[in-house]
Structures are given as structure tokens and as C-alpha cells.
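target.csv follows; it contains CSV, C-alpha atoms.
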chain,number,residue,atom,x,y,z
A,1,MET,CA,-0.3,126.2,124.7
A,2,THR,CA,-3.5,127.6,123.1
A,3,LYS,CA,-1.8,129.6,120.3
A,4,VAL,CA,-3.5,131.8,117.8
A,5,ASN,CA,-1.9,133.5,114.8
A,6,SER,CA,-3.9,136.7,114.9
A,7,PRO,CA,-3.8,139.3,117.7
A,8,GLN,CA,-7.5,139.9,117.1
A,9,ASP,CA,-8.2,136.3,118.2
A,10,ALA,CA,-6.0,136.5,121.3
A,11,GLU,CA,-7.0,137.6,124.8
A,12,ALA,CA,-3.4,138.4,125.6
A,13,ILE,CA,0.0,138.6,124.0
A,14,ILE,CA,3.0,136.8,125.4
A,15,GLN,CA,6.2,138.5,124.4
A,16,LYS,CA,9.3,136.3,124.8
A,17,LEU,CA,12.5,138.4,125.5
A,18,PRO,CA,15.6,136.2,125.7
A,19,CYS,CA,18.5,138.3,127.0
A,20,ASP,CA,21.4,138.1,129.4
A,21,MET,CA,23.4,141.1,128.4
A,22,GLY,CA,22.0,143.3,131.2
A,23,ILE,CA,23.9,141.2,133.8
A,24,HIS,CA,27.4,142.3,134.6
A,25,ARG,CA,28.8,139.0,136.1
A,26,THR,CA,29.5,136.3,133.5
A,27,SER,CA,28.7,133.6,136.1
A,28,ARG,CA,25.2,134.9,136.4
A,29,LYS,CA,24.5,135.0,132.6
A,30,CYS,CA,22.0,132.2,132.5
A,31,THR,CA,18.7,133.9,131.6
A,32,LEU,CA,18.9,133.6,127.9
A,33,LYS,CA,16.9,130.4,127.9
A,34,GLY,CA,14.4,131.6,130.4
A,35,PRO,CA,11.5,132.5,128.0
A,36,GLU,CA,11.6,129.2,126.2
A,37,ALA,CA,11.8,127.2,129.4
A,38,VAL,CA,8.8,129.0,131.0
A,39,THR,CA,6.6,128.8,127.9
A,40,GLU,CA,7.6,125.3,126.7
A,41,ASP,CA,4.9,123.4,128.7
A,42,PHE,CA,2.6,126.3,129.4
A,43,SER,CA,-1.0,125.4,128.6
A,44,PRO,CA,-3.3,128.4,129.2
A,45,SER,CA,-7.1,128.1,129.2
A,46,LYS,CA,-7.3,131.3,127.1
A,47,PRO,CA,-6.1,132.0,123.6
A,48,VAL,CA,-2.8,133.8,123.4
A,49,LEU,CA,-0.6,135.2,120.7
A,50,VAL,CA,3.1,134.3,121.3
A,51,ASP,CA,5.7,136.8,120.0
A,52,GLU,CA,9.4,136.9,120.4
A,53,VAL,CA,12.1,139.6,120.1
A,54,TYR,CA,15.5,138.1,119.2
A,55,PRO,CA,18.4,139.9,121.0
A,56,ASP,CA,21.4,141.4,119.2
A,57,GLU,CA,24.3,139.3,120.1
A,58,PHE,CA,26.7,142.2,120.7
A,59,SER,CA,24.6,145.1,121.8
A,60,LEU,CA,22.2,145.6,124.8
A,61,GLU,CA,21.2,149.0,123.4
A,62,GLU,CA,20.1,147.4,120.1
A,63,THR,CA,18.3,144.6,121.9
A,64,GLN,CA,16.4,147.2,124.0
A,65,ARG,CA,15.6,149.2,120.9
A,66,ARG,CA,14.1,146.1,119.2
A,67,ILE,CA,12.0,145.4,122.3
A,68,LEU,CA,10.8,149.0,122.5
A,69,GLU,CA,9.7,149.0,118.8
A,70,ASN,CA,8.1,145.6,119.1
A,71,THR,CA,6.2,146.6,122.3
A,72,ARG,CA,4.9,149.8,120.6
A,73,ASP,CA,3.6,147.6,117.7
A,74,LEU,CA,1.9,145.2,120.2
A,75,ILE,CA,0.2,148.1,122.0
A,76,LYS,CA,-1.9,148.8,118.9
A,77,TYR,CA,-3.9,145.6,119.5
A,78,GLN,CA,-5.1,146.8,122.9
A,79,LYS,CA,-4.5,143.5,124.5
A,80,PRO,CA,-2.6,142.7,127.8
A,81,VAL,CA,1.1,142.3,127.0
A,82,ILE,CA,2.9,139.7,129.2
A,83,SER,CA,6.6,139.7,128.7
A,84,ILE,CA,8.9,136.8,129.7
A,85,GLY,CA,12.7,137.5,130.3
A,86,GLY,CA,15.5,137.4,130.1
A,87,ASP,CA,17.3,139.5,132.7
A,88,HIS,CA,15.5,142.5,134.2
A,89,SER,CA,17.0,144.9,131.7
A,90,VAL,CA,14.3,143.8,129.2
A,91,SER,CA,11.7,145.4,131.3
A,92,PHE,CA,13.0,149.0,130.7
A,93,PRO,CA,12.0,149.3,127.0
A,94,VAL,CA,8.7,147.4,127.6
A,95,ILE,CA,7.7,149.8,130.4
A,96,LYS,CA,8.9,152.8,128.5
A,97,ALA,CA,6.7,151.9,125.5
A,98,LEU,CA,3.6,151.3,127.7
A,99,LYS,CA,4.1,154.5,129.8
A,100,ASP,CA,4.5,156.6,126.7
A,101,ASN,CA,1.2,155.3,125.5
A,102,ARG,CA,-0.5,155.4,128.9
A,103,PRO,CA,0.9,158.3,131.0
A,104,ASP,CA,-1.2,157.4,134.1
A,105,LEU,CA,0.3,153.9,134.3
A,106,GLU,CA,1.7,153.0,137.7
A,107,LEU,CA,4.4,150.5,138.5
A,108,VAL,CA,4.6,147.7,141.1
A,109,TRP,CA,8.1,146.1,141.4
A,110,LEU,CA,7.9,142.7,142.9
A,111,ASP,CA,11.6,141.9,143.5
A,112,ALA,CA,14.1,141.1,146.2
A,113,HIS,CA,16.1,144.0,144.9
A,114,LEU,CA,15.2,147.7,144.2
A,115,ASP,CA,17.2,148.0,140.9
A,116,LEU,CA,17.9,151.6,141.9
A,117,LYS,CA,21.7,151.5,141.5
A,118,LYS,CA,23.7,154.1,139.7
A,119,LYS,CA,24.6,153.3,136.1
A,120,LEU,CA,28.2,152.2,135.8
A,121,ASP,CA,28.3,153.1,132.1
A,122,ASN,CA,25.7,154.1,129.4
A,123,HIS,CA,23.9,150.7,129.6
A,124,VAL,CA,20.5,150.3,131.3
A,125,SER,CA,21.5,147.0,133.0
A,126,HIS,CA,19.3,144.8,135.1
A,127,ASP,CA,20.0,146.5,138.4
A,128,VAL,CA,19.4,150.2,137.4
A,129,VAL,CA,16.1,149.9,135.6
A,130,VAL,CA,13.8,151.7,138.1
A,131,ARG,CA,16.3,154.5,138.8
A,132,GLU,CA,16.5,155.1,135.0
A,133,LEU,CA,12.7,155.2,134.7
A,134,ILE,CA,12.7,157.9,137.3
A,135,GLU,CA,15.7,159.9,136.0
A,136,GLN,CA,14.3,159.8,132.5
A,137,ASN,CA,11.1,161.4,133.9
A,138,LEU,CA,8.9,158.4,132.9
A,139,PHE,CA,7.7,157.9,136.4
A,140,THR,CA,7.4,160.0,139.5
A,141,PRO,CA,8.4,158.3,142.7
A,142,ASP,CA,4.8,158.2,144.0
A,143,GLU,CA,3.9,156.1,140.9
A,144,ILE,CA,6.2,153.3,142.0
A,145,THR,CA,5.8,150.7,144.7
A,146,PHE,CA,8.3,148.0,145.7
A,147,VAL,CA,7.1,144.8,147.3
A,148,GLY,CA,9.2,141.9,148.7
A,149,THR,CA,12.5,143.9,149.0
A,150,THR,CA,15.2,142.1,151.0
A,151,ARG,CA,18.4,143.8,149.8
A,152,ILE,CA,19.1,147.6,149.7
A,153,ASP,CA,22.6,148.8,148.7
A,154,GLN,CA,24.0,152.0,150.1
A,155,ASP,CA,23.5,154.1,146.9
A,156,GLU,CA,20.0,152.9,146.7
A,157,ASP,CA,19.4,153.8,150.3
A,158,GLU,CA,20.7,157.3,149.6
A,159,PHE,CA,18.4,157.5,146.6
A,160,LEU,CA,15.4,156.5,148.7
A,161,HIS,CA,16.2,159.3,151.2
A,162,HIS,CA,15.7,161.8,148.5
A,163,HIS,CA,12.6,160.2,146.8
A,164,ASP,CA,9.3,159.3,148.4
A,165,ILE,CA,8.9,155.7,147.2
A,166,ASN,CA,6.9,153.0,149.1
A,167,VAL,CA,9.0,150.0,150.0
A,168,TYR,CA,7.3,146.9,151.5
A,169,ARG,CA,9.7,144.2,152.8
A,170,PRO,CA,8.5,140.6,153.1
A,171,ASP,CA,7.2,141.2,156.7
A,172,ASP,CA,5.2,144.2,155.4
A,173,VAL,CA,3.3,142.3,152.6
A,174,GLU,CA,0.1,142.1,154.6
A,175,ASP,CA,0.3,145.9,155.2
A,176,PHE,CA,0.6,146.4,151.4
A,177,ARG,CA,-2.4,144.2,150.8
A,178,ARG,CA,-4.5,146.1,153.4
A,179,GLU,CA,-3.4,149.5,152.0
A,180,PHE,CA,-3.6,148.7,148.3
A,181,GLY,CA,-6.7,149.8,146.6
A,182,LYS,CA,-8.2,147.6,143.9
A,183,ASP,CA,-9.5,150.2,141.5
A,184,GLU,CA,-9.4,151.1,137.8
A,185,GLN,CA,-5.9,152.6,138.0
A,186,PRO,CA,-3.8,151.0,135.2
A,187,ARG,CA,-0.7,149.2,136.6
A,188,TYR,CA,2.3,147.4,135.3
A,189,LEU,CA,3.5,144.5,137.5
A,190,SER,CA,7.1,143.4,137.1
A,191,ILE,CA,8.0,140.1,138.8
A,192,ASP,CA,11.7,139.1,139.3
A,193,ILE,CA,11.5,135.4,140.1
A,194,ASP,CA,14.1,136.1,142.8
A,195,VAL,CA,11.4,137.6,145.0
A,196,LEU,CA,10.4,134.0,145.8
A,197,GLU,CA,12.1,132.2,148.7
A,198,GLN,CA,15.2,130.2,147.5
A,199,ASP,CA,13.6,126.8,147.8
A,200,ALA,CA,10.9,127.9,145.4
A,201,ALA,CA,13.2,129.6,142.9
A,202,PRO,CA,16.9,128.5,143.2
A,203,GLY,CA,17.4,129.0,139.4
A,204,THR,CA,18.1,132.7,139.3
A,205,GLY,CA,21.2,134.8,139.5
A,206,TYR,CA,20.6,136.5,142.9
A,207,PRO,CA,18.3,134.3,145.0
A,208,ASP,CA,17.6,136.6,147.9
A,209,GLY,CA,13.8,136.4,148.1
A,210,GLU,CA,11.6,135.5,151.0
A,211,LEU,CA,8.0,135.4,149.6
A,212,SER,CA,6.2,132.1,149.2
A,213,LEU,CA,4.6,131.1,145.9
A,214,GLU,CA,1.1,131.5,147.4
A,215,GLN,CA,1.9,135.0,148.6
A,216,VAL,CA,3.0,136.1,145.1
A,217,LYS,CA,-0.1,134.5,143.5
A,218,ALA,CA,-2.3,136.4,145.9
A,219,LEU,CA,-0.5,139.6,145.1
A,220,ILE,CA,-1.0,139.1,141.4
A,221,GLN,CA,-4.7,138.5,141.9
A,222,GLN,CA,-5.0,141.7,144.0
A,223,ILE,CA,-2.9,144.0,141.8
A,224,SER,CA,-4.7,142.8,138.7
A,225,PRO,CA,-2.2,144.4,136.3
A,226,GLU,CA,-3.0,145.8,132.9
A,227,HIS,CA,0.4,144.6,131.6
A,228,CYS,CA,3.2,142.6,133.3
A,229,ASP,CA,6.4,140.6,133.1
A,230,ILE,CA,8.3,137.7,134.7
A,231,VAL,CA,12.1,137.9,134.5
A,232,GLU,CA,15.4,136.5,135.7
A,233,VAL,CA,14.5,132.8,135.3
A,234,ALA,CA,17.8,130.9,134.8
A,235,PRO,CA,17.0,127.2,134.0
A,236,GLU,CA,20.7,126.2,133.9
A,237,LEU,CA,21.0,127.1,137.6
A,238,ASP,CA,18.2,124.8,138.7
A,239,GLY,CA,18.5,121.1,137.9
A,240,SER,CA,15.3,120.4,139.7
A,241,GLY,CA,13.2,122.5,137.4
A,242,ARG,CA,11.3,124.1,140.3
A,243,THR,CA,12.1,127.6,139.2
A,244,THR,CA,10.7,127.1,135.7
A,245,SER,CA,7.7,125.2,137.1
A,246,ASN,CA,6.8,128.0,139.6
A,247,ALA,CA,7.3,130.7,136.9
A,248,GLU,CA,4.7,128.8,134.8
A,249,VAL,CA,2.3,128.9,137.7
A,250,LEU,CA,2.8,132.7,138.0
A,251,LEU,CA,2.4,133.1,134.3
A,252,THR,CA,-0.9,131.3,134.5
A,253,GLN,CA,-1.9,133.6,137.3
A,254,LEU,CA,-0.9,136.7,135.4
A,255,LEU,CA,-2.9,135.6,132.4
A,256,GLU,CA,-6.0,135.2,134.5
A,257,ALA,CA,-5.5,138.5,136.4
A,258,SER,CA,-4.8,140.6,133.3
A,259,THR,CA,-7.6,139.4,131.1
Serialized structure, C-alpha cells:
Amino acid sequence: MTKVNSPQDAEAIIQKLPCDMGIHRTSRKCTLKGPEAVTEDFSPSKPVLVDEVYPDEFSLEETQRRILENTRDLIKYQKPVISIGGDHSVSFPVIKALKDNRPDLELVWLDAHLDLKKKLDNHVSHDVVVRELIEQNLFTPDEITFVGTTRIDQDEDEFLHHHDINVYRPDDVEDFRREFGKDEQPRYLSIDIDVLEQDAAPGTGYPDGELSLEQVKALIQQISPEHCDIVEVAPELDGSGRTTSNAEVLLTQLLEAST
């Protein structure tokens, strides 16, 4: 990895966010080592600053507070921030910090799931993030686009009926690409690795995706995000290493597209 020690010398900042506390089921808690696995052999052609936020062992709220404050600090350098999870709960504080700084930021959610479920408790877990972004008035529904969705739960379907949000299923991806305008609008792209078809990403907690690696690479290039993340890589669930390898490919594409 082409590492630099000063943000002024970097073209982008990679923020490693190891976390698995946003996942309810103990058997799925395998994302803690995701950031290290994805960046271990990553060799970008552009200089990057690598940062890391260490989780609180006992508190998801404290972990998210640390991520929020760290992201606010990184924003000051006016460089693309590429975050590597960890489960999808880490995206909430990152996006909140960026949206507070840039109110016109839009969100593209590349995921097999909507993450619009109702909160079971006071925790912003991995499957409620987008709903919480809306209910905290950080985003209006028309500022959010879902791409690659394969699973919609009943409470999420009810939520969609009352909110005008664009949802593109795998068969609709080409429609999205035709309709999507490549302009100067700032966008955040969140990629759950489970959006990939299972053969390409078996190492994730909920492998329900149907998009090919090439489709996702093309989407990244077209969306050209200002900031972005890759989450839900679970190396321990994939002895072949394909998931980590493909996440590295997407990380390379994100670096090229955001700088």
C-alpha cells in the first residue's frame, strides 16, 4: 500500500472501522477482521492515508460516537473518505458526519437489503441504518437510491409505501444506469459486499446478492462518489478468500472513482 503519514500528501483517506456489534445474530458476527483483511494486500497507485477507529468492546453507541468524531476530523482535510467495515452499522456515523458538513449530499445504497427495518431497541444496528437516516431528518426519501435489492421485509415494504424512494432490483440495474445522471451532485456510495452474487462473495453474513463483480465496478465508475464505504466482509466465512479479494478490487475502483 502506498501509505503517507500526512493527509496533505494523500489523495484519499482510508478509514478502517472494525466492528461486529451492529449484528444481532452471534453466528453472523464475523466482520471484525474485515478491514484488516481487505487492506492487507491492497496496493493502490495513488497515495493514501490509512486511519483506524478502534471499537469499544462493550458499546455500539460508544463505537459509533468515536467513528462520528473521527470522520468529522477527517472532513477537515477535504479529501475523499473511504471507510472499510465492519458491519453496516458503521456507515451511520460516517454518513451523519458527512451529511452535517454537506447538506446536499445524496446517498446510493448498493446492497441486497434495504436496511429499513424498525429498531428493536435504542441501537442503530446494521439493518436499520437507512431508516434511521430518514427518521433523524438527515435525508429526505428522494435523496436516497437503492440498487441491487433482492430482499424486502414486510415492515420495509410498508415503509416504502409511505416514502417515495427509488428501488432498483438486479434486473433493473441497466434502467438505473440509463436514468442516472453523471453530474456534479455530491454522492455517498455505500457498498454492502452481499450485493455481489454468492459465488463472488460467500464471506458475508447474509449472502443474498445477484450482481456480478463487473456490474458493481461499472456502477462505481458511473456514480463517481465523493465519499464511500465497503462493509460486511467476513473473512472467517470464506476459506477461499474470494470475498476479500473482490472487496480489494472494489476498493481499487472506489479510489479511482473518488479521486
Residues of stretch 20-133 of chain A that approach stretch 168-179 of chain A to 10 Å or less, counting all atoms listed in the file: could you list each one with the shortest pair of atoms and its distance in Å to one decimal, rows by chain and increasing residue number, as a tab-separated table?
residue	atom	partner	partner_atom	distance
A:Leu110	CA	A:Tyr168	CA	9.6
A:Asp111	CA	A:Arg169	CA	9.8
A:Ala112	CA	A:Arg169	CA	8.5
Which residues of stretch 142-216 of chain A sit at most 9 Å from stretch 231-254 of chain A, using all atoms listed in the file? Give each one's shortest atom pair and distance in Å (one decimal place), in chain and ascending residue order, as a tab-separated table.
residue	atom	partner	partner_atom	distance
A:Ser190	CA	A:Val231	CA	7.9
A:Ile191	CA	A:Val231	CA	6.3
A:Asp192	CA	A:Val231	CA	5.0
A:Ile193	CA	A:Glu232	CA	6.0
A:Asp194	CA	A:Glu232	CA	7.2
A:Asp199	CA	A:Arg242	CA	8.3
A:Ala200	CA	A:Thr243	CA	6.3
A:Ala201	CA	A:Thr243	CA	4.3
A:Pro202	CA	A:Asp238	CA	6.0
A:Gly203	CA	A:Asp238	CA	4.3
A:Thr204	CA	A:Ala234	CA	4.9
A:Gly205	CA	A:Ala234	CA	7.0
A:Tyr206	CA	A:Glu232	CA	8.9
A:Leu213	CA	A:Asn246	CA	7.4
A:Val216	CA	A:Leu250	CA	7.9
Would you give me, as a Markdown table, each residue of stretch 175-195 of chain A having an atom within 12 Å of an atom of stretch 132-143 of chain A, along with its shortest atom pair and that distance in Å to one decimal, using all atoms listed in the file and sorting by chain and residue number?
| residue | atom | partner | partner_atom | distance |
| --- | --- | --- | --- | --- |
| A:Gln185 | CA | A:Glu143 | CA | 10.8 |
| A:Pro186 | CA | A:Glu143 | CA | 10.9 |
| A:Arg187 | CA | A:Glu143 | CA | 9.3 |
| A:Tyr188 | CA | A:Glu143 | CA | 10.5 |
Is it possible to get the residues within 10 Å of (7.4, 138.7, 116.4) (coordinates as in the file, counting only C-alpha atoms) written as a VMD selection string? chain A and resid 15 to 16 49 to 54 70 to 71 73 to 74
Export of the given selection (C-alpha atoms) as a PDB file, in the frame of the given file:
ATOM      1  CA  GLN A  15       6.200 138.500 124.400  1.00  0.00           C
ATOM      2  CA  LYS A  16       9.300 136.300 124.800  1.00  0.00           C
ATOM      3  CA  LEU A  49      -0.600 135.200 120.700  1.00  0.00           C
ATOM      4  CA  VAL A  50       3.100 134.300 121.300  1.00  0.00           C
ATOM      5  CA  ASP A  51       5.700 136.800 120.000  1.00  0.00           C
ATOM      6  CA  GLU A  52       9.400 136.900 120.400  1.00  0.00           C
ATOM      7  CA  VAL A  53      12.100 139.600 120.100  1.00  0.00           C
ATOM      8  CA  TYR A  54      15.500 138.100 119.200  1.00  0.00           C
ATOM      9  CA  ASN A  70       8.100 145.600 119.100  1.00  0.00           C
ATOM     10  CA  THR A  71       6.200 146.600 122.300  1.00  0.00           C
ATOM     11  CA  ASP A  73       3.600 147.600 117.700  1.00  0.00           C
ATOM     12  CA  LEU A  74       1.900 145.200 120.200  1.00  0.00           C
TER      13      LEU A  74
END
Using only C-alpha atoms, which residue out of A:Lys79, A:Ala218, A:Pro93, A:His162 lies closest to A:Ser6?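 Looking at the shortest contact to A:Ser6, the residue is A:Lys79.
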At a cut-off of 10 Å, using only C-alpha atoms, what residues contact A:Pro55? Leave out same-chain residues fewer than 6 positions from it and give the result as a PyMOL selection string. chain A and resi 17-21+32+61-67+86+90
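Taking atom CA of A:Glu106 as the reference point, atom CA of A:Asp183 is found at 12.2 Å.
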Starting from the point (5.5, 142.8, 126.1), work out which residues of protein, DNA or RNA have an atom no more than 7 Å away when counting only C-alpha atoms; state them as a list in words.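 Within 7 Å of (5.5, 142.8, 126.1), the protein and nucleic acid residues are Ile14, Gln15, Thr71, Val81, Ile82, Ser83 and Val94 of chain A.
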Quote the spacing between atom CA of A:Thr39 and atom CA of A:Leu196 in Å to one decimal place.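 Atom CA of A:Leu196 lies at a distance of 19.0 Å from atom CA of A:Thr39.
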Tell me, as a ChimeraX atom specification, which residues lie within 7 Å of A:Ala10, counting all atoms listed in the file; anything in the same chain fewer than 6 positions away does not count. /A:4,47-49
Would you save stretch 24-115 of chain A to a file, keeping C-alpha atoms, as an mmCIF file, in the first residue's frame?
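To be explicit, this is the file written out as selection07.cif:
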data_model
loop_
_atom_site.group_PDB
_atom_site.id
_atom_site.type_symbol
_atom_site.label_atom_id
_atom_site.label_comp_id
_atom_site.auth_asym_id
_atom_site.auth_seq_id
_atom_site.Cartn_x
_atom_site.Cartn_y
_atom_site.Cartn_z
ATOM 1 C CA HIS A 24 -27.882 -9.281 16.192
ATOM 2 C CA ARG A 25 -27.115 -12.933 15.474
ATOM 3 C CA THR A 26 -23.970 -14.228 17.143
ATOM 4 C CA SER A 27 -23.328 -16.698 14.313
ATOM 5 C CA ARG A 28 -23.032 -13.777 11.869
ATOM 6 C CA LYS A 29 -20.540 -11.770 13.933
ATOM 7 C CA CYS A 30 -17.540 -12.251 11.649
ATOM 8 C CA THR A 31 -16.935 -8.741 10.289
ATOM 9 C CA LEU A 32 -14.463 -7.564 12.934
ATOM 10 C CA LYS A 33 -11.478 -8.645 10.829
ATOM 11 C CA GLY A 34 -12.909 -7.303 7.569
ATOM 12 C CA PRO A 35 -10.979 -4.011 7.377
ATOM 13 C CA GLU A 36 -7.614 -5.629 8.047
ATOM 14 C CA ALA A 37 -8.247 -8.413 5.537
ATOM 15 C CA VAL A 38 -9.360 -6.033 2.777
ATOM 16 C CA THR A 39 -6.412 -3.643 3.188
ATOM 17 C CA GLU A 40 -3.669 -6.166 3.985
ATOM 18 C CA ASP A 41 -2.589 -6.740 0.368
ATOM 19 C CA PHE A 42 -4.108 -3.582 -1.105
ATOM 20 C CA SER A 43 -1.609 -1.728 -3.325
ATOM 21 C CA PRO A 44 -3.118 1.487 -4.677
ATOM 22 C CA SER A 45 -1.469 3.525 -7.388
ATOM 23 C CA LYS A 46 -2.310 6.733 -5.510
ATOM 24 C CA PRO A 47 -1.046 7.860 -2.103
ATOM 25 C CA VAL A 48 -3.490 7.239 0.734
ATOM 26 C CA LEU A 49 -3.556 7.958 4.428
ATOM 27 C CA VAL A 50 -4.745 4.941 6.413
ATOM 28 C CA ASP A 51 -6.623 5.665 9.618
ATOM 29 C CA GLU A 52 -8.422 3.352 12.041
ATOM 30 C CA VAL A 53 -11.103 3.756 14.688
ATOM 31 C CA TYR A 54 -10.929 1.063 17.335
ATOM 32 C CA PRO A 55 -14.302 -0.159 18.610
ATOM 33 C CA ASP A 56 -15.455 -0.089 22.187
ATOM 34 C CA GLU A 57 -15.632 -3.726 23.222
ATOM 35 C CA PHE A 58 -18.910 -3.316 25.089
ATOM 36 C CA SER A 59 -20.828 -0.456 23.476
ATOM 37 C CA LEU A 60 -22.057 0.037 19.910
ATOM 38 C CA GLU A 61 -23.108 3.592 20.814
ATOM 39 C CA GLU A 62 -19.602 4.470 22.002
ATOM 40 C CA THR A 63 -18.092 2.898 18.893
ATOM 41 C CA GLN A 64 -20.393 4.953 16.680
ATOM 42 C CA ARG A 65 -19.560 8.103 18.664
ATOM 43 C CA ARG A 66 -15.850 7.501 18.056
ATOM 44 C CA ILE A 67 -16.475 6.982 14.345
ATOM 45 C CA LEU A 68 -18.576 10.155 14.167
ATOM 46 C CA GLU A 69 -15.880 12.288 15.803
ATOM 47 C CA ASN A 70 -13.088 10.753 13.752
ATOM 48 C CA THR A 71 -14.957 11.305 10.497
ATOM 49 C CA ARG A 72 -15.601 14.928 11.462
ATOM 50 C CA ASP A 73 -11.859 15.342 11.950
ATOM 51 C CA LEU A 74 -11.081 13.748 8.581
ATOM 52 C CA ILE A 75 -13.528 16.011 6.736
ATOM 53 C CA LYS A 76 -11.311 18.999 7.564
ATOM 54 C CA TYR A 77 -8.686 17.756 5.104
ATOM 55 C CA GLN A 78 -11.121 17.938 2.164
ATOM 56 C CA LYS A 79 -10.126 14.537 0.798
ATOM 57 C CA PRO A 80 -12.336 11.589 -0.187
ATOM 58 C CA VAL A 81 -13.002 9.358 2.809
ATOM 59 C CA ILE A 82 -13.260 5.641 2.001
ATOM 60 C CA SER A 83 -14.432 3.642 5.015
ATOM 61 C CA ILE A 84 -13.952 -0.114 5.367
ATOM 62 C CA GLY A 85 -16.205 -2.080 7.743
ATOM 63 C CA GLY A 86 -17.102 -3.823 9.839
ATOM 64 C CA ASP A 87 -20.842 -4.393 9.778
ATOM 65 C CA HIS A 88 -23.159 -1.853 8.147
ATOM 66 C CA SER A 89 -23.852 -0.046 11.431
ATOM 67 C CA VAL A 90 -20.515 1.767 10.988
ATOM 68 C CA SER A 91 -21.919 3.611 7.983
ATOM 69 C CA PHE A 92 -24.436 5.538 10.080
ATOM 70 C CA PRO A 93 -21.993 7.824 11.951
ATOM 71 C CA VAL A 94 -19.813 8.257 8.859
ATOM 72 C CA ILE A 95 -22.743 9.375 6.724
ATOM 73 C CA LYS A 96 -24.127 11.567 9.521
ATOM 74 C CA ALA A 97 -20.826 13.440 9.827
ATOM 75 C CA LEU A 98 -20.564 13.942 6.069
ATOM 76 C CA LYS A 99 -24.209 14.987 5.668
ATOM 77 C CA ASP A 100 -23.919 17.501 8.509
ATOM 78 C CA ASN A 101 -20.969 19.005 6.649
ATOM 79 C CA ARG A 102 -22.538 18.768 3.182
ATOM 80 C CA PRO A 103 -26.360 19.102 3.359
ATOM 81 C CA ASP A 104 -26.811 18.486 -0.381
ATOM 82 C CA LEU A 105 -25.142 15.051 -0.183
ATOM 83 C CA GLU A 106 -27.192 12.239 -1.737
ATOM 84 C CA LEU A 107 -26.968 8.538 -0.897
ATOM 85 C CA VAL A 108 -26.731 5.467 -3.131
ATOM 86 C CA TRP A 109 -27.182 2.204 -1.179
ATOM 87 C CA LEU A 110 -25.712 -0.749 -3.088
ATOM 88 C CA ASP A 111 -26.946 -3.691 -1.048
ATOM 89 C CA ALA A 112 -29.058 -6.834 -1.328
ATOM 90 C CA HIS A 113 -31.061 -5.450 1.610
ATOM 91 C CA LEU A 114 -32.756 -2.116 2.257
ATOM 92 C CA ASP A 115 -31.732 -1.747 5.915
#
